[in-house]
Every structure is written in structure tokens, then in C-alpha cells.
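*Asks:* So that we are looking at the same thing, I have put the structure below in C-alpha cells.
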Amino acid sequence: MKRVHVAAAVIRAKDGKILIARRADTQHQGGLWEFPGGKVEADESVETALARELHEELGIVVTAARPLIKVVHDYPDKQVLLDVWDVSAFTGEPHGAEGQPLAWVSARELADYDFPAANQPIVAAARLPAEYLITPDGLETPELLRGIQKAIAGGIKLVQLRTPKGYDPQYRDLAVDAVGLCAGKAQLMLKGPLEWLGDFPAAGWHLTSAQLRKYASNGRPFPEDRWLAASCHSAEELTLAEQMGVDFVTLSPVQATQTHPDAVPLGWEQASQLIAGFSKPVFLLGGVGPDERQKAWAGGAQGVAGIRAFWPEA
């Protein structure tokens, strides 16, 4: 069975809303919602196909787009490669030129719509930002909380409360404060034993690679309406993350870091190869920061994660 190469778009309006379209009942996966796009012809580049499809389907001309995620998915009757781009600017007023119903929805509302299975990683990628802040260790609680507050005020939307010293009661107290700071402004990811999951229902959970190895075969520890992430360093761990049904991962270290001086860096080329075989959003971590965002996107990543690079200076 030949894999069908599809160019698709997460189209964002100036107010941040995202455009989705409903598939005709007669189509494959009919009646479900999707991100607009269509088949890449044999002689076309993805960008050309995307521009053509969006003009034919919606009557718009794309003026700014970048790679978002590639998803390989096998249905019983069809194999697809979804080559998804983030369209941040266009001219024209989108309309269903082929009679398809359209809807502008917030990133959060995407979870309320029924999409084909292959689209689930795209929904996650569309909802996630391009930067993931991981809090530094060695700070007193007031300074740490001030830093989180300042980072959120500066536009950070995804925060991991790191636990380098293991699972101590102090971390739980800190987590309660961090949940309050992030409420309605940023998504907080906590770490720790899975026994704590029920105590912090508003937070997502970021698993260590050791937890991933231990629990992956059990599948996802909580429902889809809560973010689940994992730390990965190899193809094997990415496979376990896929098996566990995580929403996104960090892949590290890309380059040498002060935090883990003994870890052998993957390098950009190997990181890109690992991402190519993994159909979920990936944040690159280790010696990267905001300046490497474009390079990360070009390599297939969701964006970049970091401690020092994103921590607001006092």
C-alpha cells in the first residue's frame, strides 16, 4: 500500500483562533473535523501543494508558514504521511470553497472536536507553544516562584517544575504554589511519583526516562484531557513514549550542557533523524535556547526547552 503524502495546515487568525474544516460524509474518515490541506502531487514541493490546496479549498493565499509536525499513521485501509505547517499569515477571507463547513476555535477548544486518529498529534502540536521552561534548582522558594511569575508575564506558556533532589515534601508545597501561579496563564508540568497524580488534577505530568521504562507497558496513567510528557534520550525511549501514549517529549541533550556535563550530545543531525521516526511533538533540550528555535523547527521539532536559556534574570 502506497503511503499518501498530505500537506496540512494549522491556520491561525490574528486573535489566535485556529481554522478547522469538517470532512464530507462520503470521504475517508467522513464527518470528522480536520486541518485543511490535501494530497501532495508527484512533481510538487510540500509548500507548493499547501499553497495550492489552501487556495482551492479556502480561497486564501499563504504569506507566512513554517513546519510544525510530520505524522506517519496507518489506518486499516490507508497509510498517510501528514506534513503539517503552521500558517501564521494569509490574505483573503477563508470560506468553504468546496461546500465544507468551517469553524474558528481556540487552541483549548480543539480537544472538544472529533478528529481522525492521525490528527491527534497535530491537535497537541497546535495547542503547545514553541518554548518549554524548566525551572532551575538551587533557588530558595520565594525566588523560584518570582521567576516563574516573571517568565509567565514574559510570555512563557509551558512550565516544568523540576525535581532534581527527588521526591520530597517541600516539592509538593512548591507545586501547590506553582499551580496557583500558572492557573489560566500557563500549563504547569509536575514531576514525581505517580501516586501524587490525584493531588494535582490541574497539572500535567512529565515522566523521567526511568519512569518511562518502568511504566510504559501499563499505558497512559490518566485520561487524554490532561497533558502527559516524558524525557527521552534515544530511539528506544521514544518507542516507549509512543507505547505509553504521551502527548509530547523532550529529546536531549542536543548539545553539551552545564547541567549534565557527562552526557554525550546527540547533535542536530541525529536529533532530526530521531524526530523523523516519531509522530508526536518533540522539544529539543540541552544547550539550546530561543536563538535555536528556527533550527529546531527545520529539524522537525515543536520547539526548544531549557533551564538557563528561558529563566528570567533577577
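Residue numbering restarts at 1 for every chain of the C-alpha cells, chains are lettered A, B, ... in their displayed order, and ligands are numbered from 1 as they appear.
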Could you tell me, as JSON, numbers by chain, which residues of stretch 49-222 of chain A DSSP assigns to helix (DSSP H, G or I) when given the backbone?

*Replies:* {"A": [49, 50, 51, 52, 53, 54, 55, 56, 57, 58, 108, 109, 110, 111, 112, 117, 118, 119, 120, 121, 122, 123, 124, 125, 126, 127, 141, 142, 143, 144, 145, 146, 147, 148, 149, 150, 151, 152, 153, 169, 170, 171, 172, 173, 174, 175, 176, 177, 178, 179, 180, 181, 182, 194, 195, 196, 197, 198, 199, 209, 210, 211, 212, 213, 214, 215, 216, 217, 218]}

*Asks:* Given the choices A:Ala186, A:Val62, A:Ala13, A:Ala7, which gets closest to A:Glu41 if the distance is worked out from only C-alpha atoms?

*Replies:*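 Smallest distance to A:Glu41 is found for A:Ala7.
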
*Asks:* DSSP says strand (DSSP E) for which residues of stretch 25-242 of chain A? Put them as an MDAnalysis selection string?

*Replies:* chainID A and resid 33:34 37:39 61:74 79:91 102:105 131:134 158:160 187:190 204:207 228:232

*Asks:* Just give me the gap between atom CA of A:Gly192 and atom CA of A:Leu207 in Å, one decimal is fine.

*Replies:*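 Taking atom CA of A:Gly192 and atom CA of A:Leu207, their separation equals 7.7 Å.
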